[in-house]
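Colleague: Structure file run_16.cif (mmCIF, C-alpha atoms) right here:
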data_entry
loop_
_atom_site.label_atom_id
_atom_site.label_comp_id
_atom_site.auth_asym_id
_atom_site.auth_seq_id
_atom_site.Cartn_x
_atom_site.Cartn_y
_atom_site.Cartn_z
CA MET A 1 75.69 34.22 14.04
CA LYS A 2 74.01 36.50 11.56
CA ASP A 3 70.65 37.90 12.59
CA GLU A 4 67.91 36.38 10.44
CA SER A 5 66.05 39.69 10.50
CA THR A 6 68.56 41.26 8.15
CA ASN A 7 67.49 38.80 5.42
CA PHE A 8 64.45 40.97 4.76
CA LEU A 9 66.37 44.25 4.48
CA PRO A 10 66.10 46.74 3.02
CA LEU A 11 62.36 47.07 3.36
CA SER A 12 60.24 48.60 0.62
CA PRO A 13 58.58 51.96 1.47
CA ALA A 14 55.16 50.30 1.73
CA THR A 15 56.43 47.57 4.05
CA LEU A 16 58.34 50.04 6.20
CA HIS A 17 55.31 52.28 6.61
CA ILE A 18 52.95 49.39 7.38
CA LEU A 19 55.28 48.01 10.04
CA LEU A 20 55.75 51.50 11.47
CA ALA A 21 52.01 52.04 11.60
CA LEU A 22 51.53 48.75 13.47
CA ALA A 23 54.44 49.40 15.82
CA GLY A 24 52.26 51.65 17.99
CA GLU A 25 49.08 49.61 18.25
CA ASP A 26 46.95 46.99 16.53
CA MET A 27 45.03 48.40 13.58
CA HIS A 28 42.58 47.42 10.89
CA GLY A 29 43.34 48.00 7.21
CA TYR A 30 41.76 51.42 6.83
CA GLY A 31 43.45 52.57 10.07
CA ILE A 32 46.82 51.54 8.67
CA MET A 33 46.19 53.60 5.53
CA GLN A 34 45.32 56.65 7.59
CA GLU A 35 48.29 56.20 9.91
CA VAL A 36 50.69 55.91 6.95
CA ALA A 37 49.27 59.11 5.49
CA ARG A 38 49.68 60.85 8.83
CA GLN A 39 53.26 59.62 9.38
CA SER A 40 54.33 60.87 5.96
CA GLU A 41 52.32 64.06 6.30
CA GLY A 42 50.27 63.07 3.26
CA ALA A 43 53.34 62.50 1.06
CA TYR A 44 52.83 58.74 0.88
CA LYS A 45 49.40 57.26 0.47
CA LEU A 46 48.72 53.55 0.42
CA GLY A 47 45.87 52.17 -1.67
CA PRO A 48 43.95 49.15 -0.40
CA GLY A 49 45.43 46.95 -3.15
CA THR A 50 49.00 47.78 -2.17
CA LEU A 51 48.15 47.55 1.52
CA TYR A 52 46.56 44.11 1.47
CA ASP A 53 49.06 42.74 -1.04
CA ASN A 54 51.83 43.70 1.40
CA LEU A 55 49.86 42.55 4.45
CA GLN A 56 49.38 39.15 2.90
CA ARG A 57 53.11 38.81 2.26
CA LEU A 58 54.02 40.09 5.74
CA MET A 59 51.65 37.60 7.33
CA ASP A 60 53.10 34.78 5.24
CA GLN A 61 56.56 35.85 6.44
CA GLY A 62 55.39 35.92 10.04
CA MET A 63 56.00 39.64 10.57
CA VAL A 64 52.32 40.56 11.00
CA GLN A 65 49.57 38.59 12.70
CA GLU A 66 45.85 38.81 12.17
CA ILE A 67 43.89 39.11 15.44
CA ALA A 68 40.23 38.88 16.30
CA SER A 69 38.12 42.02 16.07
CA ASP A 70 34.77 43.09 17.51
CA ASP A 71 33.59 43.99 14.01
CA PRO A 72 33.46 40.79 11.91
CA ARG A 73 33.77 42.85 8.69
CA ARG A 74 37.08 44.33 9.83
CA ARG A 75 40.18 42.46 10.80
CA ASN A 76 42.86 43.85 13.02
CA TYR A 77 46.54 43.33 12.43
CA ARG A 78 49.37 43.20 14.96
CA LEU A 79 53.12 43.49 14.59
CA SER A 80 54.68 40.17 15.66
CA THR A 81 57.91 39.77 17.58
CA ALA A 82 59.67 38.80 14.35
CA GLY A 83 58.20 41.86 12.63
CA ARG A 84 59.39 44.10 15.40
CA LYS A 85 62.91 42.69 15.09
CA VAL A 86 62.90 43.26 11.34
CA LEU A 87 61.61 46.83 11.84
CA SER A 88 64.28 47.51 14.43
CA ALA A 89 66.96 46.17 12.11
CA GLU A 90 65.66 48.39 9.30
CA ILE A 91 65.63 51.46 11.55
CA SER A 92 69.24 50.73 12.57
CA ARG A 93 70.18 50.38 8.93
CA LEU A 94 68.46 53.68 8.08
CA GLU A 95 70.18 55.36 11.03
CA GLY A 96 73.50 54.26 9.61
CA VAL A 97 72.53 55.60 6.20
CA VAL A 98 71.51 58.92 7.70
CA ARG A 99 74.72 59.12 9.74
CA GLU A 100 76.85 58.44 6.68
CA ALA A 101 74.83 60.88 4.62
CA ARG A 102 75.31 63.65 7.16
CA LEU A 103 79.02 62.90 7.38
CA HIS A 104 79.43 63.13 3.63
CA LEU A 105 77.30 66.23 3.32
CA ARG A 106 79.34 67.91 6.07
CA ARG A 107 82.62 67.16 4.30
CA SER A 108 81.38 68.48 0.99
CA SER A 109 80.04 71.74 2.41
CA MET B 234 30.31 52.64 -12.69
CA THR B 235 33.79 52.89 -11.13
CA ARG B 236 32.58 50.71 -8.25
CA GLN B 237 31.61 48.02 -10.75
CA LEU B 238 35.03 48.29 -12.33
CA TYR B 239 36.70 48.00 -8.93
CA THR B 240 34.52 44.99 -8.09
CA LEU B 241 35.57 43.41 -11.39
CA LEU B 242 39.22 44.07 -10.54
CA LEU B 243 38.75 42.36 -7.19
CA ARG B 244 37.15 39.35 -8.88
CA LEU B 245 40.18 39.03 -11.11
CA HIS B 246 42.45 38.63 -8.08
CA PRO B 247 43.33 35.10 -6.95
CA ARG B 248 40.49 33.56 -5.03
CA ALA B 249 42.44 33.12 -1.79
CA PHE B 250 43.37 36.81 -1.78
CA ARG B 251 39.87 37.87 -2.80
CA ASP B 252 38.20 35.82 -0.10
CA ARG B 253 40.56 37.12 2.54
CA PHE B 254 40.74 40.83 1.74
CA GLY B 255 38.12 41.57 -0.93
CA GLU B 256 35.37 42.70 1.41
CA GLU B 257 37.68 45.03 3.34
CA MET B 258 39.09 46.50 0.13
CA LEU B 259 35.62 47.23 -1.17
CA ALA B 260 34.65 48.82 2.13
CA ILE B 261 37.72 51.10 1.97
CA TYR B 262 36.86 51.94 -1.64
CA ASP B 263 33.39 53.01 -0.57
CA GLN B 264 34.86 55.30 2.11
CA SER B 265 37.51 56.81 -0.14
CA ALA B 266 37.03 60.07 -2.02
CA GLN B 267 39.73 59.38 -4.64
CA LYS B 268 38.11 56.44 -6.37
CA LEU B 269 39.99 56.74 -9.68
CA SER B 270 43.38 56.44 -7.96
CA LEU B 271 42.13 53.33 -6.20
CA LEU B 272 41.36 51.78 -9.59
CA GLY B 273 45.02 52.22 -10.54
CA ASP B 274 46.05 50.79 -7.17
CA GLY B 275 43.77 47.81 -7.78
CA LEU B 276 45.39 47.21 -11.17
CA VAL B 277 48.87 47.25 -9.62
CA SER B 278 47.71 44.86 -6.92
CA LEU B 279 46.17 42.56 -9.54
CA PHE B 280 49.44 42.50 -11.49
CA ARG B 281 51.47 41.69 -8.38
CA GLN B 282 49.12 38.93 -7.26
CA ARG B 283 49.03 37.26 -10.66
CA THR B 284 52.71 37.54 -11.47
CA LEU B 285 54.82 37.85 -8.35
CA ARG B 286 52.86 36.31 -5.54
CA GLY B 287 51.81 33.20 -7.43
CA SER B 288 55.40 32.14 -7.98
CA GLU B 289 56.48 32.62 -4.41
CA PRO B 290 56.70 29.49 -2.30
CA ALA B 291 54.08 29.38 0.37
CA LEU B 292 56.37 29.85 3.33
CA SER B 293 55.45 31.15 6.70
CA ARG B 294 58.05 32.49 9.07
CA THR B 295 57.39 31.45 12.63
CA ALA B 296 58.76 33.41 15.53
CA THR B 297 60.06 31.45 18.45
CA ALA B 298 61.48 32.25 21.86
CA ASP B 299 64.48 34.54 22.08
CA GLY B 300 67.75 32.93 21.12
CA VAL B 301 66.11 30.29 18.97
CA PRO B 302 66.40 30.74 15.21
CA LEU B 303 63.36 31.53 13.15
CA PHE B 304 61.87 28.79 11.06
CA TYR B 305 60.12 28.69 7.75
CA SER B 306 57.34 26.19 7.38
CA ALA B 307 55.76 25.18 4.09
CA SER B 308 52.02 25.31 3.97
CA PRO B 309 50.48 21.96 3.11
CA GLU B 310 49.51 21.98 -0.54
CA VAL B 311 47.89 19.04 -2.26
CA PRO B 312 47.36 19.09 -6.04
CA ARG B 313 43.76 19.22 -7.09
CA ALA B 314 42.34 15.85 -8.00
CA VAL B 315 41.00 17.21 -11.28
CA ALA B 316 44.56 18.15 -12.28
CA PHE B 317 45.45 14.45 -12.52
CA LEU B 318 42.88 13.78 -15.25
CA PRO B 319 44.62 15.58 -18.16
CA GLY B 320 47.96 14.06 -17.15
CA THR B 321 46.48 10.57 -17.03
CA LEU B 322 44.82 11.05 -20.42
CA VAL B 323 48.03 12.30 -22.05
CA THR B 324 49.99 9.39 -20.56
CA PHE B 325 47.58 6.78 -21.93
CA VAL B 326 47.47 8.39 -25.39
CA ALA B 327 51.28 8.58 -25.59
CA PHE B 328 51.66 4.97 -24.39
CA GLY B 329 49.08 3.79 -26.93
CA LEU B 330 50.85 5.59 -29.77
CA ILE B 331 54.21 4.06 -28.86
CA CYS B 332 52.72 0.54 -28.69
CA PHE B 333 50.93 1.05 -32.01
CA THR B 334 54.12 2.30 -33.67
CA MET B 335 56.15 -0.65 -32.39
CA GLY B 336 53.48 -3.14 -33.44
CA HIS B 337 52.98 -1.87 -36.98
CA ARG B 338 56.01 -1.55 -39.19
CA TRP B 339 55.48 0.56 -42.24
CA ARG B 340 57.37 -0.39 -45.41
CA GLN B 341 59.30 -3.02 -43.46
CA MET B 342 60.88 -0.32 -41.36
CA SER B 343 62.04 -1.47 -37.96
CA LEU B 344 61.76 0.70 -34.89
CA ILE B 345 65.24 0.76 -33.50
CA VAL B 346 65.62 1.67 -29.88
CA GLY B 347 69.16 2.47 -28.85
CA SER B 348 72.40 3.47 -30.48
CA HIS B 349 73.09 2.22 -33.99
CA HIS B 350 76.57 3.57 -34.40
CA PRO B 351 79.09 2.52 -31.79
CA SER B 352 81.37 5.22 -30.49
CA PRO B 353 84.75 4.96 -28.78
CA SER B 354 83.04 5.64 -25.48
CA HIS B 355 81.38 2.24 -25.77
CA LEU B 356 84.69 0.41 -25.97
CA LEU B 357 86.35 -0.83 -22.83
CA GLY B 358 89.99 -1.71 -22.60
CA ALA B 359 90.84 -5.40 -22.09
CA HIS B 360 94.07 -7.14 -21.15
CA THR B 361 94.97 -10.81 -21.55
CA ASP B 362 98.05 -12.97 -21.15
CA ALA B 363 96.89 -15.44 -23.81
CA GLN B 364 99.13 -15.94 -26.80
CA PRO B 365 97.70 -14.58 -30.06
CA VAL B 366 96.50 -17.33 -32.38
CA ALA B 367 96.84 -16.87 -36.10
CA ASP B 368 94.24 -17.93 -38.64
CA LEU B 369 91.34 -18.20 -36.27
CA PRO B 370 88.33 -19.62 -38.11
CA ALA B 371 85.94 -16.74 -38.44
CA GLU B 372 82.96 -16.02 -40.59
CA ILE B 373 81.70 -12.52 -41.05
CA LYS B 374 78.39 -11.86 -42.70
CA VAL B 375 77.58 -8.38 -43.79
CA THR B 376 74.02 -7.72 -44.79
CA PRO B 377 72.24 -4.43 -45.41
CA TYR B 378 70.99 -3.47 -42.00
CA PRO B 379 68.19 -3.57 -40.86
CA PHE B 380 66.73 -5.17 -43.99
CA HIS B 381 67.07 -8.85 -44.91
CA PRO B 382 67.14 -10.15 -48.47
CA PRO B 383 63.89 -11.79 -49.47
CA VAL B 384 63.79 -15.52 -48.80
CA SER B 385 64.40 -17.42 -52.00
CA PRO B 386 61.28 -19.05 -53.53
CA TYR B 387 63.26 -22.30 -53.75
CA PHE B 388 64.02 -22.17 -50.02
CA GLN B 389 60.31 -21.55 -49.44
CA LEU B 390 59.45 -24.60 -51.60
CA ILE B 391 61.90 -26.95 -49.87
CA LEU B 392 60.93 -26.80 -46.20
CA VAL B 393 64.17 -28.55 -45.23
CA LEU B 394 66.16 -25.62 -46.63
CA ALA B 395 63.95 -23.09 -44.89
CA ALA B 396 64.52 -24.91 -41.60
CA LEU B 397 68.28 -25.19 -42.11
CA ASP B 398 68.68 -21.52 -43.09
CA ALA B 399 68.17 -20.14 -39.60
CA ASP B 400 69.26 -16.60 -40.43
CA GLN B 401 67.24 -16.56 -43.66
CA ASP B 402 70.12 -15.36 -45.82
CA ASN B 403 69.55 -18.05 -48.48
CA VAL B 404 72.90 -19.64 -47.59
CA ILE B 405 73.44 -22.70 -45.42
CA SER B 406 76.50 -21.78 -43.43
CA ALA B 407 78.90 -24.16 -41.74
CA ALA B 408 77.28 -23.46 -38.40
CA GLU B 409 73.83 -24.10 -39.85
CA MET B 410 75.05 -27.41 -41.26
CA GLU B 411 76.37 -28.39 -37.83
CA SER B 412 73.02 -27.65 -36.22
CA ALA B 413 71.07 -29.36 -39.02
CA PRO B 414 69.73 -32.28 -36.91
CA ALA B 415 68.07 -29.94 -34.43
CA ALA B 416 66.56 -27.91 -37.26
CA LEU B 417 65.29 -30.99 -39.08
CA TRP B 418 63.63 -32.46 -36.02
CA LYS B 419 61.39 -29.42 -35.92
CA LEU B 420 59.91 -30.51 -39.25
CA ASP B 421 58.71 -33.82 -37.85
CA LYS B 422 55.16 -32.59 -37.37
CA ASP B 423 53.61 -36.02 -36.86
CA HIS B 424 56.38 -37.04 -34.42
CA ASP B 425 56.95 -40.39 -36.12
CA GLY B 426 60.73 -40.04 -35.86
CA LYS B 427 61.29 -39.50 -39.59
CA LEU B 428 60.57 -36.94 -42.28
CA SER B 429 58.17 -37.74 -45.08
CA ALA B 430 58.28 -36.00 -48.47
CA GLU B 431 55.37 -33.78 -47.39
CA GLU B 432 57.35 -32.72 -44.30
CA CYS B 433 60.40 -32.00 -46.46
CA GLY B 434 58.76 -29.73 -49.03
CA ARG B 435 55.61 -28.31 -50.51
CA MET B 436 54.27 -30.93 -52.89
CA GLU B 437 51.39 -30.84 -55.31
CA ALA B 438 48.46 -32.57 -53.61
CA SER B 439 46.07 -33.06 -56.55
CA PHE B 440 47.16 -36.57 -57.54
CA ASP B 441 45.72 -40.01 -56.93
CA ALA B 442 47.33 -42.34 -54.38
CA VAL B 443 49.48 -44.28 -56.87
CA MET B 444 50.80 -41.17 -58.55
CA ARG B 445 51.41 -39.60 -55.18
CA VAL B 446 53.75 -42.43 -54.16
CA ARG B 447 55.74 -41.93 -57.38
CA LEU B 448 55.74 -38.19 -56.89
CA ARG B 449 57.14 -38.53 -53.35
CA HIS B 450 60.05 -40.64 -54.56
CA THR B 451 60.72 -38.31 -57.48
CA PHE B 452 60.53 -35.27 -55.23
CA MET B 453 63.01 -36.72 -52.76
CA ARG B 454 65.33 -37.78 -55.58
CA ILE B 455 65.53 -34.73 -57.83
CA HIS B 456 66.20 -32.08 -55.13
CA PRO B 457 69.88 -32.39 -54.23
CA VAL B 458 69.51 -31.54 -50.55
CA LEU B 459 66.77 -34.12 -50.07
CA ALA B 460 68.65 -36.70 -52.10
CA ALA B 461 71.74 -36.12 -49.97
CA LEU B 462 69.86 -36.42 -46.71
CA ASP B 463 67.87 -39.46 -47.85
CA ALA B 464 70.97 -41.60 -48.04
CA ASN B 465 69.18 -44.91 -48.70
CA HIS B 466 66.82 -43.28 -51.21
CA ASP B 467 63.69 -44.79 -49.68
CA GLY B 468 61.77 -41.52 -50.04
CA GLU B 469 61.99 -40.62 -46.34
CA ILE B 470 64.60 -39.11 -44.05
CA SER B 471 64.98 -41.49 -41.13
CA ALA B 472 66.20 -40.70 -37.62
CA ASP B 473 69.68 -42.00 -38.44
CA GLU B 474 69.76 -39.91 -41.59
CA ILE B 475 68.75 -36.86 -39.57
CA ARG B 476 71.57 -37.50 -37.11
CA ASN B 477 74.02 -37.71 -40.02
CA ALA B 478 72.60 -34.63 -41.71
CA ALA B 479 75.68 -32.45 -41.21
CA ILE B 480 77.94 -34.97 -42.98
CA ALA B 481 75.42 -35.46 -45.77
CA LEU B 482 75.07 -31.73 -46.35
CA ARG B 483 78.82 -31.24 -46.67
CA THR B 484 78.80 -33.53 -49.70
CA LEU B 485 76.83 -30.83 -51.52
CA ASP B 486 79.57 -28.23 -51.05
CA ALA B 487 80.79 -28.38 -54.65
CA ASN B 488 83.19 -25.44 -54.45
CA GLY B 489 84.50 -26.36 -51.00
CA ASP B 490 83.89 -22.96 -49.42
CA GLY B 491 82.30 -24.46 -46.32
CA LYS B 492 78.81 -23.24 -47.05
CA LEU B 493 75.95 -24.12 -49.37
CA GLU B 494 74.64 -21.46 -51.70
CA GLU B 495 71.45 -21.74 -53.70
CA ARG B 496 73.28 -22.59 -56.94
CA GLU B 497 74.71 -25.65 -55.19
CA LEU B 498 71.29 -26.68 -53.97
CA ARG B 499 69.05 -26.18 -56.99
CA PRO B 500 68.18 -29.29 -59.00
CA ASP B 501 69.60 -29.85 -62.47
CA PRO B 502 67.02 -28.35 -64.90
CA ALA B 503 67.50 -31.30 -67.25
CA VAL B 504 66.78 -33.76 -64.44
CA LEU B 505 63.78 -31.70 -63.42
CA MET B 506 62.32 -31.75 -66.93
CA ALA B 507 63.13 -35.42 -67.47
CA SER B 508 61.46 -36.47 -64.24
CA SER B 509 58.38 -34.44 -65.15
CA ILE B 510 58.19 -36.19 -68.53
CA MET B 511 58.58 -39.58 -66.88
CA LEU B 512 55.82 -38.84 -64.37
CA THR B 513 53.53 -37.76 -67.19
CA LEU B 514 54.22 -40.41 -69.86
CA ASP B 515 55.26 -43.47 -67.84
CA ARG B 516 51.68 -44.34 -66.96
CA ASP B 517 52.39 -47.85 -65.68
CA GLY B 518 55.24 -46.64 -63.52
CA ASP B 519 57.78 -49.21 -64.68
CA GLY B 520 60.50 -46.59 -65.15
CA ARG B 521 60.33 -46.76 -68.94
CA ILE B 522 58.42 -44.92 -71.64
CA SER B 523 57.34 -47.63 -74.02
CA GLN B 524 56.33 -47.20 -77.64
CA ALA B 525 52.67 -47.46 -76.60
CA GLU B 526 53.12 -44.71 -74.03
CA ARG B 527 54.66 -42.46 -76.72
CA ASN B 528 51.47 -42.49 -78.76
CA GLY B 529 49.47 -40.14 -76.61
CA PRO B 530 48.82 -36.44 -77.44
CA THR B 531 51.17 -35.25 -74.73
CA ALA B 532 54.05 -37.28 -76.16
CA ALA B 533 53.32 -35.90 -79.63
CA ARG B 534 54.16 -32.37 -78.44
CA ILE B 535 57.67 -33.46 -77.37
CA ARG B 536 58.26 -36.00 -80.06
CA ASP B 537 61.61 -34.48 -81.06
CA VAL B 538 62.97 -34.87 -77.52
CA LEU B 539 61.66 -38.44 -77.26
CA ASP B 540 63.14 -39.39 -80.63
CA ARG B 541 66.49 -37.92 -79.62
CA ALA B 542 66.33 -39.85 -76.31
CA ASP B 543 65.64 -43.10 -78.17
CA GLN B 544 68.64 -42.86 -80.49
CA ASP B 545 69.92 -46.28 -79.52
CA GLY B 546 66.70 -47.77 -80.91
CA LYS B 547 66.05 -50.08 -77.98
CA GLY B 548 62.33 -49.26 -78.17
CA PHE B 549 61.87 -47.63 -74.75
CA ILE B 550 63.18 -44.56 -73.00
CA VAL B 551 64.48 -44.32 -69.44
CA GLU B 552 64.99 -41.08 -67.51
CA GLU B 553 68.73 -41.02 -68.12
CA ASP B 554 68.06 -41.01 -71.88
CA LEU B 555 65.78 -38.01 -71.47
CA VAL B 556 68.31 -36.15 -69.34
CA ILE B 557 70.99 -36.55 -71.99
CA ALA B 558 68.64 -35.52 -74.77
CA ILE B 559 67.42 -32.45 -72.89
CA ARG B 560 70.95 -31.36 -72.06
CA ARG B 561 71.91 -31.61 -75.70
CA SER B 562 68.83 -29.59 -76.62
CA LEU B 563 69.83 -26.95 -74.06
CA GLY B 564 73.40 -26.93 -75.29
CA VAL B 565 74.87 -28.26 -72.06
CA GLY B 566 75.12 -31.83 -73.16
CA LYS B 567 77.55 -34.15 -71.57
#
What do you get writing this file as structure tokens?
Modeller:
Amino acid sequence: MKDESTNFLPLSPATLHILLALAGEDMHGYGIMQEVARQSEGAYKLGPGTLYDNLQRLMDQGMVQEIASDDPRRRNYRLSTAGRKVLSAEISRLEGVVREARLHLRRSS
Amino acid sequence: MTRQLYTLLLRLHPRAFRDRFGEEMLAIYDQSAQKLSLLGDGLVSLFRQRTLRGSEPALSRTATADGVPLFYSASPEVPRAVAFLPGTLVTFVAFGLICFTMGHRWRQMSLIVGSHHPSPSHLLGAHTDAQPVADLPAEIKVTPYPFHPPVSPYFQLILVLAALDADQDNVISAAEMESAPAALWKLDKDHDGKLSAEECGRMEASFDAVMRVRLRHTFMRIHPVLAALDANHDGEISADEIRNAAIALRTLDANGDGKLEERELRPDPAVLMASSIMLTLDRDGDGRISQAERNGPTAARIRDVLDRADQDGKGFIVEEDLVIAIRRSLGVGK
């Protein structure tokens, strides 16, 4: 039976980075933005509009959950089990792409 | 200034999104050093929310225990009550217009609902073991559709004809002759079991009682259809005469085509004129115009006709004399 997680693949760069940022720990919105910037070494920066637009969609799709926070003005977000499966599936897909890319590059060199 | 612009951008986002994330987005904007780039990001977000997200079905993907498929569940959405008002208004206006159009025909135009022209798809095959019969009696009437010819003034004058002519084509067909008794009974307004002259046609009412009796008999006599139906010529159509109406009507079919056209039903103009003269000049009602009755001013105006009618010199004129004289004057003398 086909894994339902693959229905969401491939992930957009913003979605991939948001899920990656939440894979380590629960975070609030600004923390996610900073973590994405850190992961990409400043090459990819998320604005709040893009972030929350994607967070809304990911929550509607059940990949991210909103959890209670000590600060009522800030909400924390957590990667759900479904989100972790989708992220894992995307990483596997990217690993395959990288493997194929290396194979082709090796043949051509 | 840029903060105000960013606030405006947030206000332009859908309310659900704004209520959920607006405060956090503004807080991040306040902390950020690159405010101009955030304006561009806000514009992109606004575009996505208004164009892409609005059309997406509100589905939520629910994770379950391992091995169990994931499920989508639709969020409960109920249309706003206020959204029903314009739809209700449009429905009532459209319904009212359709009813008004069907109730008021302009220029005698009929509102036709359905297919006017039959197509082969409407025809179904049929099989029968019956032997074909030649010369089946059939009558086909073709009239300009959907208009009807105007009802003849004569048919409007003689109520019996109007009742007999069920399809209002100014022709009494064979079928209409067969169903004549049923049509005639509808004219018996006073339910006395017979038809008076007033029930048979539209008569002049401005006469005294004596003249009115004479007028009734004349009216029933000079109109061929009434004369045929009133077999005993008593000035009324009795129940028995109504029952025999079909047979009586067939006697009027001069050309034998099985139907009665207006030319077969109209009274002889000579008879019509003669009866009018008799009603006017025969003051004592004895059926003769005497020499004394010919002395009045009315008689003076038609003296030539009266003299021609009294050629035998018997000293009085009866209606038959007038009919002959009038026909000769009209050039159709017998």
Colleague: Within 10 Å of (70.8, -33.9, -51.8) (file coordinates; all atoms listed in the file), which protein or nucleic acid residues are there? I'd like them as an mmCIF file with C-alpha atoms, in the frame of the given file.
Modeller:
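As a result, part38.cif now contains:
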data_model
loop_
_atom_site.group_PDB
_atom_site.id
_atom_site.type_symbol
_atom_site.label_atom_id
_atom_site.label_comp_id
_atom_site.auth_asym_id
_atom_site.auth_seq_id
_atom_site.Cartn_x
_atom_site.Cartn_y
_atom_site.Cartn_z
ATOM 1 C CA MET B 453 63.010 -36.720 -52.760
ATOM 2 C CA ARG B 454 65.330 -37.780 -55.580
ATOM 3 C CA ILE B 455 65.530 -34.730 -57.830
ATOM 4 C CA HIS B 456 66.200 -32.080 -55.130
ATOM 5 C CA PRO B 457 69.880 -32.390 -54.230
ATOM 6 C CA VAL B 458 69.510 -31.540 -50.550
ATOM 7 C CA LEU B 459 66.770 -34.120 -50.070
ATOM 8 C CA ALA B 460 68.650 -36.700 -52.100
ATOM 9 C CA ALA B 461 71.740 -36.120 -49.970
ATOM 10 C CA LEU B 462 69.860 -36.420 -46.710
ATOM 11 C CA ASP B 463 67.870 -39.460 -47.850
ATOM 12 C CA ALA B 464 70.970 -41.600 -48.040
ATOM 13 C CA ALA B 481 75.420 -35.460 -45.770
ATOM 14 C CA LEU B 482 75.070 -31.730 -46.350
ATOM 15 C CA ARG B 483 78.820 -31.240 -46.670
ATOM 16 C CA THR B 484 78.800 -33.530 -49.700
ATOM 17 C CA LEU B 485 76.830 -30.830 -51.520
ATOM 18 C CA GLU B 497 74.710 -25.650 -55.190
ATOM 19 C CA LEU B 498 71.290 -26.680 -53.970
ATOM 20 C CA ARG B 499 69.050 -26.180 -56.990
ATOM 21 C CA PRO B 500 68.180 -29.290 -59.000
#
Colleague: Can you work out the spacing between atom CA of Asp421 of chain B and atom CA of Thr451 of chain B in Å, to one decimal?
Modeller: 20.2 Å
Colleague: Give me the residues within 6 Å of segment 400-410 of chain B as JSON, numbers by chain, counting only C-alpha atoms and dropping any in the same chain fewer than 4 places off.
Modeller: {"B": [479, 491, 492, 493, 494]}
Colleague: Specify as a short mmCIF file (atom, residue, chain, number, x, y, z; two decimals) with C-alpha atoms, in the coordinates of the input each residue included when the PyMOL selection byres ((chain A) within 12 of (chain B)) is applied to this file.
Modeller:
data_model
loop_
_atom_site.label_atom_id
_atom_site.label_comp_id
_atom_site.auth_asym_id
_atom_site.auth_seq_id
_atom_site.Cartn_x
_atom_site.Cartn_y
_atom_site.Cartn_z
CA MET A 1 75.69 34.22 14.04
CA LYS A 2 74.01 36.50 11.56
CA ASP A 3 70.65 37.90 12.59
CA GLU A 4 67.91 36.38 10.44
CA SER A 5 66.05 39.69 10.50
CA ASN A 7 67.49 38.80 5.42
CA PHE A 8 64.45 40.97 4.76
CA HIS A 28 42.58 47.42 10.89
CA GLY A 29 43.34 48.00 7.21
CA TYR A 30 41.76 51.42 6.83
CA GLY A 31 43.45 52.57 10.07
CA ILE A 32 46.82 51.54 8.67
CA MET A 33 46.19 53.60 5.53
CA GLN A 34 45.32 56.65 7.59
CA LYS A 45 49.40 57.26 0.47
CA LEU A 46 48.72 53.55 0.42
CA GLY A 47 45.87 52.17 -1.67
CA PRO A 48 43.95 49.15 -0.40
CA GLY A 49 45.43 46.95 -3.15
CA THR A 50 49.00 47.78 -2.17
CA LEU A 51 48.15 47.55 1.52
CA TYR A 52 46.56 44.11 1.47
CA ASP A 53 49.06 42.74 -1.04
CA ASN A 54 51.83 43.70 1.40
CA LEU A 55 49.86 42.55 4.45
CA GLN A 56 49.38 39.15 2.90
CA ARG A 57 53.11 38.81 2.26
CA LEU A 58 54.02 40.09 5.74
CA MET A 59 51.65 37.60 7.33
CA ASP A 60 53.10 34.78 5.24
CA GLN A 61 56.56 35.85 6.44
CA GLY A 62 55.39 35.92 10.04
CA MET A 63 56.00 39.64 10.57
CA VAL A 64 52.32 40.56 11.00
CA GLN A 65 49.57 38.59 12.70
CA GLU A 66 45.85 38.81 12.17
CA ASP A 71 33.59 43.99 14.01
CA PRO A 72 33.46 40.79 11.91
CA ARG A 73 33.77 42.85 8.69
CA ARG A 74 37.08 44.33 9.83
CA ARG A 75 40.18 42.46 10.80
CA ASN A 76 42.86 43.85 13.02
CA LEU A 79 53.12 43.49 14.59
CA SER A 80 54.68 40.17 15.66
CA THR A 81 57.91 39.77 17.58
CA ALA A 82 59.67 38.80 14.35
CA GLY A 83 58.20 41.86 12.63
CA ARG A 84 59.39 44.10 15.40
CA LYS A 85 62.91 42.69 15.09
CA VAL A 86 62.90 43.26 11.34
#
Colleague: What would the selection look like, as a PyMOL selection string, if the PyMOL selection byres ((chain B and resi 427) around 12) were run on the coordinates I just shared?
Modeller: chain B and resi 414+417-426+428-433+462-463+467-476
Colleague: Kindly give the distance, in Å, that separates atom CA of Ala478 of chain B and atom CA of Ala415 of chain B, rounded to a single decimal.
Modeller: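 Separation between atom CA of Ala478 of chain B and atom CA of Ala415 of chain B: 9.8 Å.
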Colleague: Expressed in Å to a single decimal, how great is the separation between atom CA of Asp70 of chain A and atom CA of Leu22 of chain A?
Modeller: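 Between these atoms lies a distance of 18.1 Å.
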Colleague: To test your reading of the syntax: which residues would the PyMOL selection byres ((chain B and resi 515-526) around 7) return for the file shown? Reply as a list of chain:residue names.
Modeller: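 This file gives the following for the PyMOL selection byres ((chain B and resi 515-526) around 7): B:Met511, B:Leu512, B:Thr513, B:Leu514, B:Arg527, B:Asn528, B:Gly529, B:Gly548, B:Phe549, B:Ile550, B:Val551.
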Colleague: Please determine an axis-aligned box that encloses all atoms of segment 4-10 of chain A listed in the file, with 6 Å added on each side, and express its centre and edge lengths in Å to one decimal as AutoDock Vina command-line options.
Modeller:
--center_x 66.5 --center_y 41.6 --center_z 6.8 --size_x 16.1 --size_y 22.4 --size_z 19.5
Colleague: Do a neighbour search on Glu35 of chain A at 12 Å with only C-alpha atoms, toss out local chain neighbours closer than 5 positions, and write the hits as a list in words.
Modeller: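 Near neighbours after the sequence-gap exclusion: His17, Ile18, Leu19, Leu20, Ala21, Leu22, Ala23, Gly24, Glu25, Asp26, Met27, His28, Gly29, Tyr30, Ser40, Glu41, Gly42, Ala43, Tyr44, Lys45 and Leu46 of chain A.
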